[in-house]
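S.K.: For reference, the structure I am asking about is given below.
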Amino acid sequence: MLLAAVLSTLIFLVSLVLIFSEKMNRAIVAIAGGVLMVGLGKIMHFYSEEAALEAIDFNTLGLLLGMMILVAMLEPTGFFEYLAVLAARASKGKPIRLFVLLGSITTVLSMFLDNVTTVVLIAPVTILISEILGVSPIPYLVTEALLSNTGGVATLVGDPPNVLIGSAAGLSFADFLIYSLPIVMVVWAGALFLLRYLFRSELSRRPRNAKAVMQLNPAETLNHPKTARQILIVLSAAVFFFFIHHILHIAPSFVALGAAAVALVVVQPDINEVLKRIEWSVLIFFAALFVMVGGLEASGVLESITGLFRGASSVQPVLFGVLLIWIVAALSAVVDNVPITIALIPVIHGLGETGMDITPLWWALAFGAGFGGNGTIIGSTANIIVATLSEKTRTPITSKLWVRRGLPVMLATCAIASILYTILYRWF
Amino acid sequence: MEISKYMKRHVVSIPETSTIREAAAVLVKHHIGLLPIVGKNKKLIGVVGLRDLLALELPDFINFIADVDYVHDFGAVETTRPPAKTLDKSITSLMNPAISVPEDTGLLRVYALMLQHQLHDMPVVSKDNELVGVASRVDIGAAILSAWAKVE
């Protein structure tokens, strides 16, 4: 059994390193790792195909798929560009106002929609707005990525770790609004002020042509206003049902897939076009990771990690939670936070079986995974996206710049979260 | 109908040692859209087009946003020039591989190649790859259409 544990750990660690080094696509790594894990499990009799299927959390996959379908339908309507253009006009070309408005829009969108999609759609318009103003797009792009990471922590559907944690811990959408949202609001304000300070010299430069943004016509950004309206109504209904899903005893995935179904029936888009915009590689990455971590669990590795933590948990529970925030944050800054979250969920469940109160630990995990991603240019997919996009411009965002601007934000957000966590510990 | 009969023999070209700034000046002076780049003995090395130079002036957002209808004023972009550092770079940094035809090529084949490669002007070379002429779409089109007068 020891050999099984060592070998399965090896498969998982090598996969993590490959994902981290970006030498290979993460979905490919996960598929290969998952298959190796099942193969090893079959040979050494600790894991099977049935167990692998059971390890996949279909609630998470369903929720992600449902939201992806809704976004895939909303994307071509031009709604995201519409919002960014409205922000630009409302800012009247004043940099700080534009900074706050674009940051806020990105935050609110990424509380309900996938961060990646939000950033993918807002960042190009941001580059446009900066260029016609004659200012550097970097402060706005970095801020959008960081605030979408931060805002996503507030809700159950805001970012993938939350979806995973909510599903594993049985936390409802309302739980996130009660326990996470207030803390995120404070953390978010802190991040915004810090970014405003870090980019003070860029934001104090007067745009060369502030009037140009007033010539942007929001109405012309909407290619299909009627479709946009229909999907937004369905999305609002979905958010309403998210609020009460625990009362109705329906899973969030059912709400998301239900909303996707209604939107598809109402709009009746070209389904192949919609499906092309679904990020299948993300869904496959998740499913394969579940299979891999299921193997880790079956081989007894996670149990030993739980054992290690048990020793540590003799320390103050509050301190343990704060430590968890920082450990997860540090890991999430350098590796994808999804495998970290998926691997830690059974560990925390294991701690629960020893009689420990694990509810606060779920929140610590969510905060660490969410805010930790701010630290490096590869810390979150949103960061990677703005960086890759900016590489194709005359003003690329370098990883050095991210260390100077993003790392302070990660440290500050984790610090504020830790303080609030300590103060509000009894409340969790 | 061979291309050599219809091409312009007076070809404006620049040596490979030129800078981007010099290339732009030549394009402006002669009001042309394509500039062949030549090495020793007028050997054709590559071409640079108006479009390659204008790309330096285009804003970055053009690469990300397909629909610019809603942008009624390009604002600061309209008055942004490429930095001097860029303009003083060698023209070879913008050079495209030369697509050319030999002097005895038929007109329709030249025209088809221009459509395929989206060219407005086609350099014509001798057997030793020496630049001897250039033909525009109008030169070729007019030559082809002129034959229609004789159709009965």
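Residue numbering restarts at 1 in every chain; chains get A, B, ... in the order shown in the structure tokens, and ligands count up from 1 in that same order.
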Enumerate, as a ChimeraX atom specification, the complete set of residues in region 47-171 of chain A that a backbone-based DSSP assignment places in helix (DSSP H, G or I).
M.R.: /A:49-55,58-77,79-91,95-112,115-133,138-152,160-169
S.K.: Show me, as a list in words, the residues of chain B whose atoms get within 8 Å of chain A, using only C-alpha atoms for the distance check.
M.R.: Pro59, Asp60, Phe61, Phe64, Ile65, Asp69, Tyr70, Val71, His72, Asp73, Phe74, Gly75, Ala76 and Val77 of chain B
S.K.: Quick one: distance from CA of Ala330 (chain A) to CA of Gly372 (chain A) in Å, one decimal?
M.R.: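 Taking CA of Ala330 (chain A) and CA of Gly372 (chain A), their separation equals 6.0 Å.
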S.K.: Using 12 Å as the limit and counting only C-alpha atoms, can you tabulate each residue of region 372-398 of chain A that touches region 22-30 of chain A, with its shortest atom-to-atom distance in Å and the two atoms involved, as a Markdown table?
M.R.:
| residue | atom | partner | partner_atom | distance |
| --- | --- | --- | --- | --- |
| A:Ile378 | CA | A:Glu22 | CA | 9.7 |
| A:Thr381 | CA | A:Arg26 | CA | 11.8 |
| A:Ile384 | CA | A:Glu22 | CA | 11.4 |
S.K.: Which residues are close to Met7 (chain B), i.e. within 10 Å by only C-alpha atoms, leaving aside same-chain residues fewer than 4 positions away? Reply as a list in words.
M.R.: Glu2, Ile3, Val11, Glu103, Met122, Pro123, Val124, Val132, Gly133, Val134, Ala135, Ser136, Asp139, Ile140 and Ala143 of chain B
S.K.: Which one of B:Pro15, B:Pro36, B:Gly106, B:Pro83 sits closest to Val48 (chain B) if you count only C-alpha atoms?
M.R.: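 For Val48 (chain B), the nearest of the given residues is B:Pro36.
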S.K.: Using only C-alpha atoms, which protein or nucleic acid residues come within 12 Å of Leu87 (chain B)? Drop anything in the same chain fewer than 4 positions from it, and give the result as JSON, numbers by chain.
M.R.: {"B": [18, 19, 20, 21, 22, 23, 24, 25, 53, 54, 56, 57, 81, 82, 83, 91, 92, 93, 94]}
S.K.: Residues near Val234 (chain A), anyone? I mean within 7 Å using only C-alpha atoms, not counting same-chain ones fewer than 4 positions away, as JSON, numbers by chain.
M.R.: {"A": [230, 238, 259, 263]}
S.K.: Hey, what's within 8 Å of Leu34 (chain B) if we count only C-alpha atoms and toss same-chain stuff fewer than 6 positions away? As a list in words, please?
M.R.: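 The residues that qualify are Leu27, Val47, Val48, Gly49, Leu50, His120 and Asp121 of chain B.
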S.K.: Would you list the contacts of Val125 (chain B) as a ChimeraX atom specification, taking every protein, DNA or RNA residue within 10 Å and counting only C-alpha atoms, but skipping same-chain residues closer than 3 positions in sequence?
M.R.: /B:4,42-44,100-104,122,128-134
S.K.: Could you give me, as a tab-separated table, every region 304-411 of chain A residue with an atom at most 12 Å from region 42-58 of chain A, plus its closest atom pair and distance in Å to one decimal, counting only C-alpha atoms, rows ordered by chain then number?
M.R.:
residue	atom	partner	partner_atom	distance
A:Ile342	CA	A:Asp57	CA	10.0
A:Ala343	CA	A:Ala55	CA	11.7
A:Ile345	CA	A:Asp57	CA	11.7
A:Pro346	CA	A:Ala55	CA	10.8
S.K.: Take the residues just selected and output them with N, CA and C atoms as a PDB file, in the first residue's frame.
M.R.:
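Now in part35.pdb:
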ATOM      1  N   ILE A 342      -9.113  20.872  -5.468  1.00  0.00           N
ATOM      2  CA  ILE A 342      -9.637  19.509  -5.584  1.00  0.00           C
ATOM      3  C   ILE A 342      -8.882  18.563  -4.648  1.00  0.00           C
ATOM      4  N   ALA A 343      -7.572  18.769  -4.489  1.00  0.00           N
ATOM      5  CA  ALA A 343      -6.778  17.882  -3.630  1.00  0.00           C
ATOM      6  C   ALA A 343      -7.041  18.154  -2.154  1.00  0.00           C
ATOM      7  N   ILE A 345      -9.862  19.310  -0.775  1.00  0.00           N
ATOM      8  CA  ILE A 345     -11.233  19.033  -0.316  1.00  0.00           C
ATOM      9  C   ILE A 345     -11.318  17.723   0.490  1.00  0.00           C
ATOM     10  N   PRO A 346     -10.795  16.597  -0.038  1.00  0.00           N
ATOM     11  CA  PRO A 346     -10.864  15.373   0.779  1.00  0.00           C
ATOM     12  C   PRO A 346     -10.048  15.476   2.066  1.00  0.00           C
TER      13      PRO A 346
END
S.K.: Which parts of chain B does DSSP call strand (DSSP E or B) when run on the backbone here, written out as a PyMOL selection string?
M.R.: chain B and resi 2+8+14-15+19+34-38+43-49+71+90+96-97+101-102+106+121-125+130-136
S.K.: Selection from above, C-alpha atoms, as a short mmCIF file (atom, residue, chain, number, x, y, z; two decimals), in the first residue's frame, can you write it?
M.R.:
data_model
loop_
_atom_site.label_atom_id
_atom_site.label_comp_id
_atom_site.auth_asym_id
_atom_site.auth_seq_id
_atom_site.Cartn_x
_atom_site.Cartn_y
_atom_site.Cartn_z
CA GLU B 2 3.84 37.66 -72.09
CA LYS B 8 6.83 48.93 -66.47
CA ILE B 14 15.61 50.21 -52.55
CA PRO B 15 18.79 48.51 -51.34
CA THR B 19 15.84 51.99 -43.06
CA LEU B 34 5.04 48.18 -53.50
CA LEU B 35 8.74 48.52 -53.02
CA PRO B 36 11.07 45.73 -54.18
CA ILE B 37 14.19 45.33 -52.05
CA VAL B 38 17.31 44.48 -54.02
CA LYS B 43 18.98 40.76 -57.39
CA LEU B 44 15.47 40.70 -55.92
CA ILE B 45 15.59 39.80 -52.22
CA GLY B 46 12.15 40.69 -51.00
CA VAL B 47 9.35 43.23 -51.12
CA VAL B 48 7.78 45.64 -48.71
CA GLY B 49 4.31 47.08 -49.27
CA VAL B 71 -15.68 53.86 -32.65
CA SER B 90 16.35 48.14 -41.15
CA ASN B 96 8.22 39.86 -47.10
CA PRO B 97 9.62 37.04 -49.21
CA VAL B 101 7.44 35.93 -62.08
CA PRO B 102 9.87 35.39 -64.98
CA GLY B 106 1.54 34.60 -69.38
CA ASP B 121 1.90 44.86 -58.08
CA MET B 122 4.00 41.96 -59.34
CA PRO B 123 7.80 42.16 -59.67
CA VAL B 124 9.20 40.59 -62.83
CA VAL B 125 12.67 39.04 -62.82
CA GLU B 130 17.51 40.23 -61.50
CA LEU B 131 14.66 42.74 -61.12
CA VAL B 132 13.69 43.92 -64.61
CA GLY B 133 10.18 45.27 -64.24
CA VAL B 134 6.97 45.54 -62.30
CA ALA B 135 3.37 45.16 -63.42
CA SER B 136 0.32 46.44 -61.61
#
S.K.: Which one is closest to Thr422 (chain A): A:Ile271, A:Val100, A:Val318, A:Leu177? Count only C-alpha atoms.
M.R.: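 Smallest distance to Thr422 (chain A) is found for A:Val318.
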S.K.: List every residue of region 304-368 of chain A that has an atom at most 7 Å from any atom of region 153-166 of chain A, and for each one report the closest atom pair and its distance in Å to one decimal, counting only C-alpha atoms, with rows sorted by chain and then by increasing residue number, as a tab-separated table.
M.R.:
residue	atom	partner	partner_atom	distance
A:Val338	CA	A:Pro161	CA	5.9
A:Thr341	CA	A:Pro161	CA	6.1
A:Trp362	CA	A:Ile165	CA	6.7
A:Ala366	CA	A:Asn162	CA	6.1
A:Phe367	CA	A:Val153	CA	6.7
S.K.: Which one of A:Gly170, A:Gly151, A:Gly41, A:Gly355 sits closest to Ile250 (chain A) if you count only C-alpha atoms?
M.R.: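 With only C-alpha atoms as the atom set, the closest residue is A:Gly170.
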